[in-house]
$ cat protein07.tsv   # TSV, C-alpha atoms
chain	number	residue	atom	x	y	z
M	1	ASN	CA	27.08	-6.74	3.25
M	2	SER	CA	25.24	-9.75	4.62
M	3	ALA	CA	22.13	-7.62	5.16
M	4	LEU	CA	22.26	-6.30	1.60
M	5	ASN	CA	22.70	-9.82	0.22
M	6	ALA	CA	19.72	-11.02	2.25
M	7	SER	CA	17.49	-8.22	0.93
M	8	LEU	CA	17.10	-9.76	-2.54
M	9	TYR	CA	16.10	-13.15	-1.11
M	10	ILE	CA	13.63	-11.43	1.21
M	11	SER	CA	12.16	-9.67	-1.85
M	12	ILE	CA	11.77	-13.02	-3.64
M	13	ALA	CA	9.96	-14.42	-0.58
M	14	ILE	CA	7.66	-11.37	-0.55
M	15	VAL	CA	6.79	-11.91	-4.23
M	16	VAL	CA	5.95	-15.57	-3.47
M	17	LEU	CA	3.72	-14.33	-0.64
M	18	LEU	CA	2.13	-11.84	-3.05
M	19	ALA	CA	1.23	-14.73	-5.37
M	20	ILE	CA	-0.36	-16.67	-2.48
M	21	VAL	CA	-2.38	-13.66	-1.26
M	22	SER	CA	-3.47	-12.71	-4.80
M	23	PHE	CA	-4.73	-16.20	-5.61
M	24	SER	CA	-6.53	-16.40	-2.26
M	25	TYR	CA	-8.27	-13.07	-2.95
M	26	ARG	CA	-9.12	-14.27	-6.46
M	27	GLN	CA	-11.21	-16.92	-4.69
M	28	ILE	CA	-12.98	-14.19	-2.70
M	29	VAL	CA	-13.77	-12.22	-5.87
M	30	TYR	CA	-15.61	-15.19	-7.37
M	31	ALA	CA	-17.28	-16.27	-4.12
M	32	TYR	CA	-18.48	-12.75	-3.23
M	33	PRO	CA	-19.19	-10.91	-6.50
M	34	GLY	CA	-21.14	-8.28	-4.59
M	35	GLY	CA	-17.90	-6.98	-3.04
M	36	GLY	CA	-17.22	-6.28	0.60
M	37	GLY	CA	-13.88	-8.00	1.00
M	38	SER	CA	-12.69	-9.08	4.42
M	39	TYR	CA	-15.52	-7.37	6.33
M	40	VAL	CA	-18.33	-9.27	4.57
M	41	VAL	CA	-16.40	-12.56	4.45
M	42	SER	CA	-15.53	-12.41	8.16
M	43	ARG	CA	-18.99	-11.35	9.29
M	44	GLU	CA	-20.82	-14.05	7.33
M	45	ASN	CA	-18.47	-16.93	8.11
M	46	LEU	CA	-16.75	-16.16	11.42
M	47	GLY	CA	-19.37	-14.10	13.26
M	48	GLU	CA	-20.02	-10.56	14.47
M	49	ILE	CA	-16.83	-10.02	16.51
M	50	PRO	CA	-14.42	-11.14	13.74
M	51	GLY	CA	-16.45	-9.02	11.32
M	52	LEU	CA	-15.97	-5.99	13.56
M	53	ALA	CA	-12.27	-6.79	13.91
M	54	ALA	CA	-11.99	-6.90	10.11
M	55	SER	CA	-13.80	-3.57	9.76
M	56	ALA	CA	-11.53	-2.05	12.43
M	57	ALA	CA	-8.51	-3.38	10.56
M	58	LEU	CA	-9.79	-1.81	7.34
M	59	MET	CA	-10.33	1.55	9.06
M	60	ILE	CA	-6.78	1.40	10.45
M	61	ASP	CA	-5.61	0.60	6.90
M	62	TYR	CA	-7.36	3.65	5.46
M	63	ILE	CA	-5.94	5.98	8.11
M	64	LEU	CA	-2.43	4.60	7.61
M	65	MET	CA	-2.94	4.69	3.83
M	66	VAL	CA	-3.22	8.48	4.10
M	67	SER	CA	-0.26	8.87	6.47
M	68	VAL	CA	2.10	6.45	4.71
M	69	SER	CA	1.19	7.48	1.16
M	70	ILE	CA	1.47	11.20	1.83
M	71	VAL	CA	4.76	10.90	3.72
M	72	ALA	CA	6.18	8.68	0.97
M	73	GLY	CA	4.98	11.22	-1.60
M	74	THR	CA	6.72	14.07	0.17
M	75	GLU	CA	9.89	11.96	0.38
M	76	ALA	CA	9.80	11.75	-3.42
M	77	ILE	CA	9.90	15.56	-3.46
M	78	THR	CA	12.63	15.91	-0.84
M	79	SER	CA	14.68	13.16	-2.52
M	80	ALA	CA	14.57	15.11	-5.79
M	81	ILE	CA	15.71	18.22	-3.91
M	82	VAL	CA	18.62	16.29	-2.39
M	83	ALA	CA	19.55	14.71	-5.75
M	84	SER	CA	19.58	18.11	-7.45
M	85	GLY	CA	22.04	19.43	-4.86
M	86	SER	CA	19.65	22.12	-3.65
M	87	THR	CA	20.07	23.46	-0.11
M	88	PHE	CA	16.30	24.03	0.26
M	89	GLY	CA	15.22	23.36	3.84
M	90	GLN	CA	18.76	23.07	5.19
M	91	GLY	CA	19.67	25.17	8.19
M	92	LEU	CA	16.13	25.20	9.58
M	93	PRO	CA	15.59	24.36	13.27
M	94	GLU	CA	15.14	20.64	13.96
M	95	ALA	CA	11.48	21.22	14.87
M	96	PHE	CA	10.81	22.30	11.27
M	97	ASN	CA	10.79	18.88	9.65
M	98	ILE	CA	10.23	19.48	5.92
M	99	ASN	CA	8.63	16.05	5.44
M	100	VAL	CA	6.17	16.71	8.27
M	101	ILE	CA	5.30	20.21	7.06
M	102	LEU	CA	4.73	19.12	3.45
M	103	SER	CA	2.76	16.04	4.57
M	104	LEU	CA	0.47	18.11	6.76
M	105	LEU	CA	-0.07	20.53	3.88
M	106	PHE	CA	-1.06	17.70	1.51
M	107	ILE	CA	-3.39	16.14	4.09
M	108	ALA	CA	-5.05	19.51	4.70
M	109	LEU	CA	-5.56	20.02	0.95
M	110	LEU	CA	-7.07	16.54	0.52
M	111	THR	CA	-9.33	17.02	3.54
M	112	PHE	CA	-10.55	20.40	2.32
M	113	GLY	CA	-11.02	19.14	-1.24
M	114	ASN	CA	-13.11	16.16	-0.14
M	115	LEU	CA	-15.21	18.34	2.16
M	116	ARG	CA	-15.94	20.49	-0.88
M	117	GLY	CA	-17.22	17.44	-2.69
M	118	VAL	CA	-14.26	16.59	-4.93
M	119	ARG	CA	-14.83	13.27	-6.67
M	120	GLU	CA	-12.32	10.93	-8.27
M	121	ALA	CA	-12.20	11.67	-11.98
M	122	GLY	CA	-11.01	8.51	-13.74
M	123	THR	CA	-9.38	10.30	-16.67
M	124	ILE	CA	-7.51	12.83	-14.53
M	125	PHE	CA	-6.41	10.24	-11.97
M	126	SER	CA	-5.26	7.82	-14.66
M	127	ILE	CA	-2.62	10.28	-15.93
M	128	PRO	CA	-0.15	9.98	-13.02
M	129	THR	CA	-0.89	6.24	-12.81
M	130	TYR	CA	0.11	5.52	-16.41
M	131	LEU	CA	2.94	8.06	-16.19
M	132	PHE	CA	4.36	6.21	-13.20
M	133	ILE	CA	4.03	2.75	-14.80
M	134	VAL	CA	5.65	3.89	-18.07
M	135	SER	CA	8.48	5.84	-16.41
M	136	PHE	CA	9.07	2.99	-13.96
M	137	GLY	CA	9.27	0.52	-16.84
M	138	VAL	CA	11.76	2.73	-18.67
M	139	MET	CA	13.88	3.02	-15.51
M	140	LEU	CA	13.83	-0.74	-14.95
M	141	VAL	CA	14.80	-1.63	-18.52
M	142	ALA	CA	17.50	1.05	-18.67
M	143	GLY	CA	18.86	-0.08	-15.30
M	144	LEU	CA	19.06	-3.74	-16.34
M	145	ILE	CA	20.82	-2.77	-19.58
M	146	LYS	CA	23.39	-0.83	-17.54
M	147	VAL	CA	23.83	-3.83	-15.24
M	148	PHE	CA	24.61	-6.10	-18.17
M	149	ASN	CA	26.96	-3.46	-19.62
M	150	GLY	CA	28.67	-3.05	-16.26
M	151	THR	CA	27.96	0.69	-16.20
M	152	LEU	CA	25.38	0.95	-13.40
M	153	GLN	CA	26.93	2.80	-10.47
M	154	PRO	CA	25.38	4.70	-7.53
M	155	ALA	CA	25.01	8.42	-8.26
M	156	THR	CA	26.31	9.18	-4.76
M	157	THR	CA	28.35	7.15	-2.30
M	158	PRO	CA	25.93	5.16	-0.10
M	159	PRO	CA	26.10	6.24	3.54
M	160	VAL	CA	27.86	4.00	6.05
M	161	VAL	CA	25.27	2.29	8.22
M	162	GLU	CA	26.31	1.94	11.83
M	163	THR	CA	24.54	-0.72	13.88
M	164	ALA	CA	24.93	-2.27	17.29
M	165	ALA	CA	23.76	-5.65	15.99
M	166	PRO	CA	26.67	-8.13	15.71
M	167	ALA	CA	25.07	-10.02	12.82
M	168	VAL	CA	21.98	-10.38	10.68
M	169	THR	CA	19.69	-12.45	12.89
M	170	LEU	CA	16.65	-14.51	11.91
M	171	TRP	CA	14.46	-12.07	13.85
M	172	LEU	CA	15.82	-9.13	11.85
M	173	ILE	CA	15.18	-10.97	8.57
M	174	LEU	CA	11.60	-11.80	9.62
M	175	ARG	CA	11.04	-8.16	10.64
M	176	ALA	CA	12.27	-6.95	7.26
M	177	PHE	CA	10.08	-9.56	5.55
M	178	SER	CA	6.94	-8.47	7.42
M	179	ALA	CA	7.62	-4.77	6.77
M	180	GLY	CA	8.26	-5.34	3.07
M	181	SER	CA	5.09	-7.41	2.78
M	182	VAL	CA	3.05	-4.21	3.22
M	183	ALA	CA	3.79	-3.63	-0.49
M	184	MET	CA	0.82	-5.88	-1.31
M	185	SER	CA	-1.68	-3.83	0.74
M	186	GLY	CA	-3.72	-2.84	-2.35
M	187	THR	CA	-4.85	-6.43	-2.95
M	188	GLU	CA	-7.85	-5.94	-0.67
M	189	ALA	CA	-9.20	-3.01	-2.70
M	190	ILE	CA	-10.25	-5.08	-5.73
M	191	SER	CA	-12.27	-7.54	-3.62
M	192	ASN	CA	-14.03	-4.55	-2.02
M	193	GLY	CA	-15.08	-3.07	-5.36
M	194	VAL	CA	-15.99	-6.00	-7.62
M	195	THR	CA	-19.24	-4.31	-8.66
M	196	ALA	CA	-17.29	-1.38	-10.16
M	197	PHE	CA	-15.94	-3.59	-12.97
M	198	GLN	CA	-17.54	-4.18	-16.35
M	199	LYS	CA	-19.59	-7.34	-16.86
M	200	PRO	CA	-18.82	-10.12	-16.14
M	201	GLU	CA	-17.63	-8.39	-12.98
M	202	PRO	CA	-15.97	-11.31	-11.14
M	203	ARG	CA	-13.94	-12.41	-14.16
M	204	ASN	CA	-12.72	-8.88	-14.95
M	205	ALA	CA	-11.94	-8.18	-11.28
M	206	ALA	CA	-10.01	-11.46	-10.98
M	207	ARG	CA	-8.02	-10.71	-14.15
M	208	THR	CA	-7.23	-7.21	-12.90
M	209	LEU	CA	-6.08	-8.66	-9.58
M	210	ILE	CA	-3.66	-11.06	-11.28
M	211	VAL	CA	-2.32	-8.36	-13.64
M	212	MET	CA	-1.83	-5.98	-10.70
M	213	ALA	CA	0.03	-8.67	-8.75
M	214	ALA	CA	2.25	-9.45	-11.76
M	215	VAL	CA	3.13	-5.78	-12.31
M	216	LEU	CA	3.81	-5.27	-8.60
M	217	GLY	CA	5.93	-8.41	-8.40
M	218	VAL	CA	8.09	-7.43	-11.38
M	219	ALA	CA	8.50	-3.86	-10.10
M	220	PHE	CA	9.34	-4.96	-6.55
M	221	LEU	CA	11.90	-7.52	-7.66
M	222	GLY	CA	13.37	-5.14	-10.23
M	223	VAL	CA	14.03	-2.33	-7.75
M	224	SER	CA	15.32	-4.80	-5.15
M	225	TYR	CA	17.78	-6.30	-7.65
M	226	LEU	CA	19.08	-2.92	-8.85
M	227	ALA	CA	19.39	-1.61	-5.29
M	228	GLN	CA	21.19	-4.74	-4.13
M	229	HIS	CA	23.50	-4.65	-7.17
M	230	MET	CA	24.59	-1.10	-6.25
M	231	GLY	CA	24.67	-1.72	-2.48
M	232	LEU	CA	22.14	1.04	-1.79
M	233	VAL	CA	20.85	1.77	1.70
M	234	PRO	CA	18.21	4.34	2.78
M	235	GLY	CA	19.54	7.82	3.44
M	236	GLU	CA	18.43	11.36	2.61
M	237	GLU	CA	17.17	9.89	-0.67
M	238	THR	CA	14.69	7.03	-0.80
M	239	ILE	CA	15.88	3.77	-2.36
M	240	ILE	CA	13.66	4.18	-5.42
M	241	SER	CA	14.97	7.74	-5.90
M	242	GLN	CA	18.55	6.51	-5.61
M	243	VAL	CA	17.88	3.87	-8.28
M	244	ALA	CA	16.27	6.42	-10.62
M	245	HIS	CA	19.11	8.88	-9.88
M	246	ALA	CA	21.70	6.25	-10.84
M	247	VAL	CA	19.85	5.19	-14.00
M	248	PHE	CA	18.72	8.58	-15.34
M	249	GLY	CA	20.95	11.11	-13.63
M	250	VAL	CA	19.35	14.41	-12.60
M	251	ASN	CA	17.46	15.34	-15.76
M	252	ALA	CA	13.90	15.63	-17.10
M	253	LEU	CA	13.32	11.85	-16.93
M	254	TYR	CA	14.31	11.74	-13.28
M	255	ILE	CA	12.12	14.73	-12.38
M	256	ILE	CA	9.14	13.25	-14.29
M	257	PHE	CA	9.60	9.95	-12.46
M	258	GLN	CA	9.68	11.65	-9.05
M	259	ILE	CA	6.60	13.73	-9.87
M	260	ALA	CA	4.77	10.60	-11.06
M	261	THR	CA	5.78	8.81	-7.84
M	262	MET	CA	4.40	11.67	-5.76
M	263	GLY	CA	1.22	11.78	-7.88
M	264	ILE	CA	0.37	8.10	-7.58
M	265	LEU	CA	0.90	8.19	-3.81
M	266	VAL	CA	-1.40	11.21	-3.43
M	267	ILE	CA	-4.04	9.30	-5.45
M	268	ALA	CA	-3.66	6.36	-3.06
M	269	ALA	CA	-4.24	8.69	-0.10
M	270	ASN	CA	-7.29	10.25	-1.75
M	271	THR	CA	-8.80	6.79	-2.25
M	272	ALA	CA	-8.94	6.44	1.54
M	273	PHE	CA	-10.96	9.67	1.72
M	274	ALA	CA	-13.50	8.04	-0.58
M	275	VAL	CA	-13.91	4.76	1.35
M	276	PHE	CA	-13.21	5.54	5.04
M	277	PRO	CA	-16.19	7.93	5.48
M	278	ARG	CA	-18.54	5.39	3.84
M	279	LEU	CA	-17.33	2.54	6.04
M	280	SER	CA	-17.58	4.67	9.18
M	281	SER	CA	-21.15	5.71	8.22
M	282	VAL	CA	-22.12	2.02	7.88
M	283	MET	CA	-20.58	1.28	11.27
M	284	ALA	CA	-22.44	4.26	12.78
M	285	HIS	CA	-25.70	3.01	11.22
M	286	ASP	CA	-25.11	-0.33	12.97
M	287	ASN	CA	-24.49	1.53	16.27
M	288	TYR	CA	-20.79	0.70	16.41
M	289	MET	CA	-19.61	4.30	15.98
M	290	PRO	CA	-21.03	7.73	16.93
M	291	HIS	CA	-24.07	8.64	14.82
M	292	GLN	CA	-22.37	11.88	13.73
M	293	PHE	CA	-20.46	9.75	11.19
M	294	MET	CA	-23.75	9.31	9.30
M	295	ASP	CA	-24.21	13.06	8.84
M	296	ARG	CA	-23.69	14.53	5.37
M	297	GLY	CA	-22.43	18.08	4.85
M	298	ASP	CA	-23.70	20.72	2.43
M	299	ARG	CA	-21.86	18.96	-0.42
M	300	LEU	CA	-23.38	15.58	0.53
M	301	ALA	CA	-20.01	14.32	1.78
M	302	TYR	CA	-19.65	12.47	5.09
M	303	SER	CA	-18.00	15.45	6.75
M	304	THR	CA	-17.33	13.86	10.16
M	305	GLY	CA	-15.58	10.86	8.60
M	306	ILE	CA	-13.48	13.06	6.31
M	307	ILE	CA	-12.39	15.35	9.16
M	308	ALA	CA	-11.66	12.40	11.47
M	309	LEU	CA	-9.58	10.67	8.80
M	310	GLY	CA	-7.56	13.79	8.01
M	311	GLY	CA	-7.10	14.64	11.69
M	312	VAL	CA	-5.91	11.22	12.85
M	313	ALA	CA	-3.65	10.79	9.79
M	314	ALA	CA	-2.08	14.20	10.46
M	315	LEU	CA	-1.59	13.32	14.13
M	316	LEU	CA	0.23	10.12	13.16
M	317	VAL	CA	2.51	12.06	10.81
M	318	ILE	CA	3.43	14.41	13.67
M	319	VAL	CA	3.90	11.65	16.28
M	320	PHE	CA	6.08	9.55	13.96
M	321	GLN	CA	7.90	12.65	12.64
M	322	GLY	CA	7.08	11.87	9.01
M	323	ASN	CA	9.13	8.65	9.04
M	324	VAL	CA	7.77	5.99	6.67
M	325	ASN	CA	9.95	3.27	8.19
M	326	ASN	CA	8.21	3.76	11.54
M	327	LEU	CA	4.69	4.20	10.17
M	328	ILE	CA	4.82	1.17	7.90
M	329	HIS	CA	5.03	-1.33	10.77
M	330	LEU	CA	1.80	0.07	12.18
M	331	TYR	CA	0.29	-0.21	8.69
M	332	ALA	CA	1.20	-3.92	8.57
M	333	VAL	CA	-1.02	-4.66	11.59
M	334	GLY	CA	-4.25	-3.59	9.89
M	335	VAL	CA	-3.32	-5.00	6.47
M	336	PHE	CA	-2.52	-8.50	7.64
M	337	LEU	CA	-5.29	-8.71	10.22
M	338	ALA	CA	-7.73	-8.11	7.35
M	339	PHE	CA	-5.91	-10.62	5.13
M	340	CYS	CA	-5.88	-13.27	7.86
M	341	LEU	CA	-9.56	-12.87	8.76
M	342	ALA	CA	-10.65	-12.89	5.11
M	343	ASN	CA	-8.78	-16.10	4.34
M	344	SER	CA	-9.94	-17.76	7.56
M	345	GLY	CA	-13.52	-16.84	6.70
M	346	MET	CA	-13.10	-18.35	3.24
M	347	VAL	CA	-11.90	-21.63	4.74
M	348	VAL	CA	-15.20	-21.83	6.68
M	349	HIS	CA	-17.10	-20.78	3.52
M	350	TRP	CA	-15.65	-23.61	1.40
M	351	TRP	CA	-16.12	-26.14	4.20
M	352	LYS	CA	-19.84	-25.29	4.38
M	353	LYS	CA	-20.46	-25.06	0.61
M	354	ARG	CA	-18.38	-28.02	-0.57
M	355	GLY	CA	-19.01	-27.24	-4.23
M	356	PRO	CA	-16.85	-28.24	-7.22
M	357	LYS	CA	-13.10	-28.15	-6.47
M	358	TRP	CA	-13.78	-27.12	-2.89
M	359	LYS	CA	-10.73	-29.01	-1.59
M	360	PHE	CA	-8.40	-27.00	-3.84
M	361	SER	CA	-10.14	-23.76	-2.86
M	362	ILE	CA	-9.94	-24.50	0.86
M	363	ALA	CA	-6.23	-25.35	0.49
M	364	VAL	CA	-5.50	-22.01	-1.24
M	365	ASN	CA	-7.31	-19.94	1.39
M	366	GLY	CA	-5.95	-22.10	4.22
M	367	LEU	CA	-2.41	-21.45	3.06
M	368	GLY	CA	-3.24	-17.74	2.76
M	369	ALA	CA	-4.62	-17.71	6.32
M	370	VAL	CA	-1.52	-19.38	7.76
M	371	VAL	CA	1.10	-17.19	6.07
M	372	THR	CA	-0.75	-13.91	6.71
M	373	ALA	CA	-1.27	-14.89	10.37
M	374	ALA	CA	2.47	-15.56	10.66
M	375	ILE	CA	3.29	-12.09	9.30
M	376	LEU	CA	0.70	-10.47	11.55
$ encode --input "protein07.tsv" --output "structure tokens"
Amino acid sequence: NSALNASLYISIAIVVLLAIVSFSYRQIVYAYPGGGGSYVVSRENLGEIPGLAASAALMIDYILMVSVSIVAGTEAITSAIVASGSTFGQGLPEAFNINVILSLLFIALLTFGNLRGVREAGTIFSIPTYLFIVSFGVMLVAGLIKVFNGTLQPATTPPVVETAAPAVTLWLILRAFSAGSVAMSGTEAISNGVTAFQKPEPRNAARTLIVMAAVLGVAFLGVSYLAQHMGLVPGEETIISQVAHAVFGVNALYIIFQIATMGILVIAANTAFAVFPRLSSVMAHDNYMPHQFMDRGDRLAYSTGIIALGGVAALLVIVFQGNVNNLIHLYAVGVFLAFCLANSGMVVHWWKKRGPKWKFSIAVNGLGAVVTAAIL
């Protein structure tokens, strides 16, 4: 009970951290309208080695983005199977982990598709994005109404969690806080792609960043509150599936929500296939990676980078047995190393430039550097 009670306060702390990181990256968007994010900021302000560390952190991020997103997407499928009462996959030998098998299948499909030259189509990819946001909003509103009516109850009895720990320790709370902070990993992406926005690019990118942070913060707090209200703990169903199951029941709305969840996570994984090969080709051009990463295949895709990304991501899925809770801690290393280096680089940037309001700017990025270093 004490752990469940602490979870909501940890979520509030994570949303505060999200605000700090978002405002610090808003500074980067305006200071570096050409894009580049933590790699460019670190290289120009901290030197070659920190720049390489930032690029390595980004490459780790992209690999883990594929592994974590795909595994989480398959868990949306398996959670729906469990919620529906189906016995699909039960009775198979322990070596046949359904999450692992489905994850490897999705990774293989994405790898093959990108080798064939598949490109992100904005209209097609926007469908699951908007579907997820709308269905998530409906679930959140409906769940809060049920809370106020006193009718929100878990669809199934939460499993009893057995632990050898005598109490909730400060270390355990900090570990949960650092793991949950990975939720803000997408913040870096906007600073990397400022030039993709309509003119004026920096203003539109900064506005998008703040809107994204607001939506994420509301969603994160909403799910945390509903889960804590019902006393939910992870089991065969993910927490978000358990919340949707309790709010909707097993019906068309629930199935649509789970499909949308899977879809948006697959899109996230595919994004890594677009950026990892390009970054690795740049690193190869600068003689920091094998020159084969510069080679383009018949479809003008960076084949070596695509195959390497798919292969390493698949290996991680196998090694960690398709367990998001284990993979996500590894993900946090790359995410917060990049955050920390970017904010530290911006502190040096403002100190050198000393333009209008530079003291406020250096305070924002300094705070961002300190808190992200602590999480790292």
$ closest_residue --input "protein07.tsv" --among "M:Gly235, M:Gly355, M:Pro277, M:Pro202" --to "Ser79 (chain M)" --atoms "all atoms listed in the file"
M:Gly235
$ atom_distance --input "protein07.tsv" --atom1 "CA of Ala260 (chain M)" --atom2 "CA of Gly186 (chain M)"
18.1 Å
$ closest_residue --input "protein07.tsv" --among "M:Ile318, M:Leu221, M:Ala54, M:Val100" --to "Cys340 (chain M)" --atoms "all atoms listed in the file"
M:Ala54
$ closest_residue --input "protein07.tsv" --among "M:Ile255, M:Val275, M:Ala369, M:Leu140" --to "Ser55 (chain M)" --atoms "only C-alpha atoms"
M:Val275
$ residues_around --input "protein07.tsv" --residues "Ser281 (chain M)" --least-positions-apart "3" --cutoff "6 Å" --atoms "all atoms listed in the file" --output "compact mmCIF listing (two decimals) with C-alpha atoms, in the coordinates of the input"
# COMPACT_ATOMS: atom_id res chain seq x y z
CA ARG M 278 -18.54 5.39 3.84
CA ALA M 284 -22.44 4.26 12.78
CA PHE M 293 -20.46 9.75 11.19
CA MET M 294 -23.75 9.31 9.30
$ residues_around --input "protein07.tsv" --residues "Pro128 (chain M)" --least-positions-apart "2" --cutoff "9 Å" --atoms "only C-alpha atoms" --output "list in words"
Ile124, Phe125, Ser126, Tyr130, Leu131, Phe132, Ile133, Ile259, Ala260, Thr261, Met262, Gly263, Ile264 and Ile267 of chain M
$ residues_around --input "protein07.tsv" --residues "Ser84 (chain M)" --least-positions-apart "5" --cutoff "10 Å" --atoms "only C-alpha atoms" --output "number ranges by chain"
M: 78-79, 245, 249-251, 255
$ build_atoms --input "protein07.tsv" --residues "region 275-287 of chain M" --atoms "N, CA and C atoms" --output "PDB file, in the frame of the given file"
ATOM      1  N   VAL M 275     -13.355   5.988   0.756  1.00  0.00           N
ATOM      2  CA  VAL M 275     -13.910   4.760   1.350  1.00  0.00           C
ATOM      3  C   VAL M 275     -14.048   4.809   2.869  1.00  0.00           C
ATOM      4  N   PHE M 276     -13.132   5.485   3.571  1.00  0.00           N
ATOM      5  CA  PHE M 276     -13.210   5.540   5.040  1.00  0.00           C
ATOM      6  C   PHE M 276     -14.520   6.170   5.526  1.00  0.00           C
ATOM      7  N   PRO M 277     -14.941   7.334   4.997  1.00  0.00           N
ATOM      8  CA  PRO M 277     -16.190   7.930   5.480  1.00  0.00           C
ATOM      9  C   PRO M 277     -17.404   7.032   5.242  1.00  0.00           C
ATOM     10  N   ARG M 278     -17.416   6.286   4.120  1.00  0.00           N
ATOM     11  CA  ARG M 278     -18.540   5.390   3.840  1.00  0.00           C
ATOM     12  C   ARG M 278     -18.572   4.232   4.835  1.00  0.00           C
ATOM     13  N   LEU M 279     -17.397   3.640   5.083  1.00  0.00           N
ATOM     14  CA  LEU M 279     -17.330   2.540   6.040  1.00  0.00           C
ATOM     15  C   LEU M 279     -17.717   3.002   7.434  1.00  0.00           C
ATOM     16  N   SER M 280     -17.248   4.168   7.840  1.00  0.00           N
ATOM     17  CA  SER M 280     -17.580   4.670   9.180  1.00  0.00           C
ATOM     18  C   SER M 280     -19.073   4.998   9.295  1.00  0.00           C
ATOM     19  N   SER M 281     -19.705   5.434   8.193  1.00  0.00           N
ATOM     20  CA  SER M 281     -21.150   5.710   8.220  1.00  0.00           C
ATOM     21  C   SER M 281     -21.940   4.408   8.381  1.00  0.00           C
ATOM     22  N   VAL M 282     -21.473   3.331   7.731  1.00  0.00           N
ATOM     23  CA  VAL M 282     -22.120   2.020   7.880  1.00  0.00           C
ATOM     24  C   VAL M 282     -21.994   1.541   9.319  1.00  0.00           C
ATOM     25  N   MET M 283     -20.802   1.699   9.893  1.00  0.00           N
ATOM     26  CA  MET M 283     -20.580   1.280  11.270  1.00  0.00           C
ATOM     27  C   MET M 283     -21.440   2.107  12.236  1.00  0.00           C
ATOM     28  N   ALA M 284     -21.587   3.400  11.940  1.00  0.00           N
ATOM     29  CA  ALA M 284     -22.440   4.260  12.780  1.00  0.00           C
ATOM     30  C   ALA M 284     -23.906   3.839  12.651  1.00  0.00           C
ATOM     31  N   HIS M 285     -24.323   3.473  11.448  1.00  0.00           N
ATOM     32  CA  HIS M 285     -25.700   3.010  11.220  1.00  0.00           C
ATOM     33  C   HIS M 285     -25.989   1.747  12.027  1.00  0.00           C
ATOM     34  N   ASP M 286     -24.960   0.907  12.193  1.00  0.00           N
ATOM     35  CA  ASP M 286     -25.110  -0.330  12.970  1.00  0.00           C
ATOM     36  C   ASP M 286     -24.809  -0.124  14.449  1.00  0.00           C
ATOM     37  N   ASN M 287     -24.715   1.150  14.867  1.00  0.00           N
ATOM     38  CA  ASN M 287     -24.490   1.530  16.270  1.00  0.00           C
ATOM     39  C   ASN M 287     -23.142   1.085  16.818  1.00  0.00           C
TER      40      ASN M 287
END
